[in-house]
Amino acid sequence: CVEGHDLPSLLYNFLDEWLFQFNADAFVCKRVKITAFDRARWAIASEGVGETFELGRHPQGIEVKAITYSALRVTEDVERTDVLVIVDI
């Protein structure tokens, strides 16, 4: 579970936690399921489905070094939500 003080900080912390899971545990996430989303506390819980990174099995590409606040934007509408996130590579 991660928390923030508003929606952009919650998104940042959520993405940063999944990036940490990759860097700390070499966990390659294929799918993320949101299990709880609390707008009153700005908290989100999730479960990831994936596997441990293996060099011969997973092709290497550009590595994400960090999630950034640079131009981070969440635009909510009645029918959809758009998210813009820039990452450091």
# chains A, B, ... in the order shown; residues from 1 in each chain; ligands from 1
call {"tool": "residues_around", "arguments": {"residues": "Asp6 (chain A)", "least_positions_apart": "4", "cutoff": "10 Å", "atoms": "only C-alpha atoms", "output": "PyMOL selection string"}}
result
chain A and resi 10-11+39-43
call {"tool": "write_last_selection", "arguments": {"atoms": "N, CA and C atoms", "output": "mmCIF file, in the first residue's frame"}}
result
data_model
loop_
_atom_site.group_PDB
_atom_site.id
_atom_site.type_symbol
_atom_site.label_atom_id
_atom_site.label_comp_id
_atom_site.auth_asym_id
_atom_site.auth_seq_id
_atom_site.Cartn_x
_atom_site.Cartn_y
_atom_site.Cartn_z
ATOM 1 N N LEU A 10 0.140 10.521 -5.228
ATOM 2 C CA LEU A 10 -0.226 9.113 -5.107
ATOM 3 C C LEU A 10 0.217 8.337 -6.347
ATOM 4 N N LEU A 11 -0.003 8.891 -7.529
ATOM 5 C CA LEU A 11 0.442 8.248 -8.765
ATOM 6 C C LEU A 11 1.958 8.092 -8.767
ATOM 7 N N ARG A 39 -9.646 7.489 -1.837
ATOM 8 C CA ARG A 39 -9.438 8.914 -2.132
ATOM 9 C C ARG A 39 -9.452 9.777 -0.882
ATOM 10 N N ALA A 40 -10.067 9.327 0.178
ATOM 11 C CA ALA A 40 -10.083 10.100 1.425
ATOM 12 C C ALA A 40 -8.688 10.131 2.058
ATOM 13 N N ARG A 41 -7.979 9.003 2.013
ATOM 14 C CA ARG A 41 -6.627 8.906 2.582
ATOM 15 C C ARG A 41 -5.538 9.027 1.516
ATOM 16 N N TRP A 42 -5.918 9.117 0.241
ATOM 17 C CA TRP A 42 -4.979 9.090 -0.878
ATOM 18 C C TRP A 42 -4.057 7.880 -0.742
ATOM 19 N N ALA A 43 -4.689 6.700 -0.718
ATOM 20 C CA ALA A 43 -3.943 5.447 -0.574
ATOM 21 C C ALA A 43 -4.372 4.472 -1.660
#
call {"tool": "residues_around", "arguments": {"residues": "Val2 (chain A)", "least_positions_apart": "4", "cutoff": "8 Å", "atoms": "only C-alpha atoms", "output": "MDAnalysis selection string"}}
result
chainID A and resid 10 13:14 17 43:45
call {"tool": "select_by_dssp", "arguments": {"residues": "region 1-81 of chain A", "states": "strand (DSSP E or B)", "output": "JSON, numbers by chain"}}
result
{"A": [2, 3, 27, 28, 29, 30, 31, 32, 33, 34, 35, 36, 37, 38, 43, 44, 45, 46, 47, 48, 49, 50, 51, 52, 66, 67, 73, 74, 75, 76, 81]}
call {"tool": "write_last_selection", "arguments": {"atoms": "N, CA, C and O atoms", "output": "compact mmCIF listing (two decimals), in the first residue's frame"}}
result
# COMPACT_ATOMS: atom_id res chain seq x y z
N VAL A 2 0.58 2.19 -0.85
CA VAL A 2 1.30 3.47 -0.87
C VAL A 2 0.30 4.59 -0.64
O VAL A 2 -0.89 4.43 -0.89
N GLU A 3 0.81 5.72 -0.18
CA GLU A 3 -0.03 6.88 0.09
C GLU A 3 0.58 8.13 -0.53
O GLU A 3 1.76 8.15 -0.86
N PHE A 27 11.82 -8.06 -10.00
CA PHE A 27 10.48 -8.51 -10.33
C PHE A 27 9.98 -7.79 -11.58
O PHE A 27 9.85 -6.56 -11.58
N VAL A 28 9.72 -8.55 -12.64
CA VAL A 28 9.19 -8.01 -13.89
C VAL A 28 7.68 -8.15 -13.83
O VAL A 28 7.15 -9.26 -13.86
N CYS A 29 7.00 -7.04 -13.73
CA CYS A 29 5.55 -7.05 -13.58
C CYS A 29 4.88 -7.05 -14.95
O CYS A 29 5.14 -6.18 -15.79
N LYS A 30 4.02 -8.02 -15.16
CA LYS A 30 3.29 -8.13 -16.42
C LYS A 30 1.92 -7.45 -16.33
O LYS A 30 1.42 -6.88 -17.28
N ARG A 31 1.33 -7.55 -15.14
CA ARG A 31 -0.02 -7.01 -14.95
C ARG A 31 -0.14 -6.54 -13.50
O ARG A 31 0.36 -7.19 -12.58
N VAL A 32 -0.83 -5.42 -13.31
CA VAL A 32 -1.07 -4.88 -11.97
C VAL A 32 -2.57 -4.81 -11.74
O VAL A 32 -3.31 -4.30 -12.59
N LYS A 33 -3.00 -5.30 -10.59
CA LYS A 33 -4.41 -5.24 -10.21
C LYS A 33 -4.53 -4.30 -9.00
O LYS A 33 -3.86 -4.51 -7.99
N ILE A 34 -5.35 -3.28 -9.13
CA ILE A 34 -5.61 -2.37 -8.02
C ILE A 34 -6.60 -3.08 -7.09
O ILE A 34 -7.70 -3.43 -7.50
N THR A 35 -6.19 -3.30 -5.84
CA THR A 35 -7.05 -4.01 -4.89
C THR A 35 -7.78 -3.07 -3.94
O THR A 35 -8.78 -3.45 -3.35
N ALA A 36 -7.28 -1.86 -3.78
CA ALA A 36 -7.95 -0.86 -2.95
C ALA A 36 -7.52 0.53 -3.40
O ALA A 36 -6.35 0.74 -3.73
N PHE A 37 -8.48 1.45 -3.44
CA PHE A 37 -8.20 2.83 -3.82
C PHE A 37 -9.02 3.74 -2.91
O PHE A 37 -10.24 3.75 -2.99
N ASP A 38 -8.36 4.47 -2.04
CA ASP A 38 -9.02 5.29 -1.04
C ASP A 38 -8.69 6.76 -1.29
O ASP A 38 -7.58 7.22 -1.00
N ALA A 43 -4.69 6.70 -0.72
CA ALA A 43 -3.94 5.45 -0.57
C ALA A 43 -4.37 4.47 -1.66
O ALA A 43 -5.52 4.48 -2.10
N ILE A 44 -3.44 3.65 -2.08
CA ILE A 44 -3.72 2.65 -3.10
C ILE A 44 -2.95 1.37 -2.77
O ILE A 44 -1.80 1.43 -2.34
N ALA A 45 -3.62 0.26 -2.95
CA ALA A 45 -2.99 -1.05 -2.76
C ALA A 45 -3.12 -1.81 -4.07
O ALA A 45 -4.12 -1.66 -4.79
N SER A 46 -2.11 -2.61 -4.38
CA SER A 46 -2.13 -3.34 -5.64
C SER A 46 -1.39 -4.65 -5.52
O SER A 46 -0.61 -4.86 -4.59
N GLU A 47 -1.66 -5.53 -6.47
CA GLU A 47 -0.96 -6.80 -6.58
C GLU A 47 -0.40 -6.89 -8.00
O GLU A 47 -1.07 -6.51 -8.95
N GLY A 48 0.80 -7.41 -8.11
CA GLY A 48 1.42 -7.57 -9.41
C GLY A 48 1.54 -9.03 -9.79
O GLY A 48 1.76 -9.88 -8.94
N VAL A 49 1.36 -9.29 -11.07
CA VAL A 49 1.57 -10.63 -11.62
C VAL A 49 2.77 -10.53 -12.54
O VAL A 49 2.85 -9.64 -13.38
N GLY A 50 3.73 -11.42 -12.34
CA GLY A 50 4.92 -11.39 -13.16
C GLY A 50 5.89 -12.48 -12.75
O GLY A 50 5.47 -13.51 -12.22
N GLU A 51 7.16 -12.20 -12.96
CA GLU A 51 8.18 -13.19 -12.64
C GLU A 51 9.51 -12.50 -12.39
O GLU A 51 9.67 -11.32 -12.67
N THR A 52 10.45 -13.25 -11.88
CA THR A 52 11.78 -12.73 -11.63
C THR A 52 12.52 -12.55 -12.95
O THR A 52 12.45 -13.40 -13.83
N ALA A 66 14.20 6.42 -12.89
CA ALA A 66 13.39 7.07 -11.87
C ALA A 66 12.08 7.59 -12.46
O ALA A 66 12.01 7.91 -13.65
N ILE A 67 11.07 7.66 -11.62
CA ILE A 67 9.83 8.34 -11.95
C ILE A 67 10.07 9.81 -11.60
O ILE A 67 10.77 10.12 -10.64
N ARG A 73 0.92 14.77 -14.80
CA ARG A 73 -0.43 15.33 -14.88
C ARG A 73 -1.46 14.21 -14.85
O ARG A 73 -1.29 13.18 -15.48
N VAL A 74 -2.53 14.44 -14.10
CA VAL A 74 -3.69 13.54 -14.07
C VAL A 74 -4.90 14.39 -14.41
O VAL A 74 -5.20 15.35 -13.71
N THR A 75 -5.58 14.05 -15.50
CA THR A 75 -6.76 14.78 -15.94
C THR A 75 -7.95 13.84 -15.87
O THR A 75 -8.01 12.85 -16.60
N GLU A 76 -8.87 14.15 -14.97
CA GLU A 76 -10.04 13.30 -14.79
C GLU A 76 -11.26 13.90 -15.48
O GLU A 76 -11.48 15.10 -15.44
N THR A 81 -9.90 8.94 -17.56
CA THR A 81 -8.81 9.62 -16.86
C THR A 81 -7.56 9.50 -17.71
O THR A 81 -7.21 8.41 -18.15
call {"tool": "residues_around", "arguments": {"residues": "Thr68 (chain A)", "least_positions_apart": "2", "cutoff": "9 Å", "atoms": "only C-alpha atoms", "output": "JSON, numbers by chain"}}
result
{"A": [12, 16, 66, 70, 71, 72, 85, 86, 87, 88]}
call {"tool": "write_last_selection", "arguments": {"atoms": "N, CA and C atoms", "output": "compact mmCIF listing (two decimals), in the first residue's frame"}}
result
# COMPACT_ATOMS: atom_id res chain seq x y z
N TYR A 12 2.67 9.16 -8.40
CA TYR A 12 4.13 9.10 -8.35
C TYR A 12 4.59 7.99 -7.40
N ASP A 16 6.61 4.64 -8.39
CA ASP A 16 7.93 4.51 -7.77
C ASP A 16 8.05 3.21 -6.99
N ALA A 66 14.20 6.42 -12.89
CA ALA A 66 13.39 7.07 -11.87
C ALA A 66 12.08 7.59 -12.46
N SER A 70 8.27 15.85 -13.16
CA SER A 70 8.35 16.76 -14.30
C SER A 70 7.15 16.56 -15.22
N ALA A 71 6.30 17.56 -15.30
CA ALA A 71 5.10 17.58 -16.15
C ALA A 71 4.08 16.51 -15.77
N LEU A 72 4.21 15.86 -14.62
CA LEU A 72 3.25 14.84 -14.22
C LEU A 72 1.86 15.46 -14.16
N VAL A 85 3.12 10.89 -17.52
CA VAL A 85 4.24 10.68 -16.62
C VAL A 85 5.51 10.63 -17.47
N ILE A 86 6.52 11.39 -17.07
CA ILE A 86 7.82 11.35 -17.73
C ILE A 86 8.77 10.62 -16.81
N VAL A 87 9.52 9.69 -17.36
CA VAL A 87 10.48 8.93 -16.55
C VAL A 87 11.89 9.27 -16.97
N ASP A 88 12.83 9.16 -16.02
CA ASP A 88 14.26 9.30 -16.32
C ASP A 88 14.79 7.96 -16.79
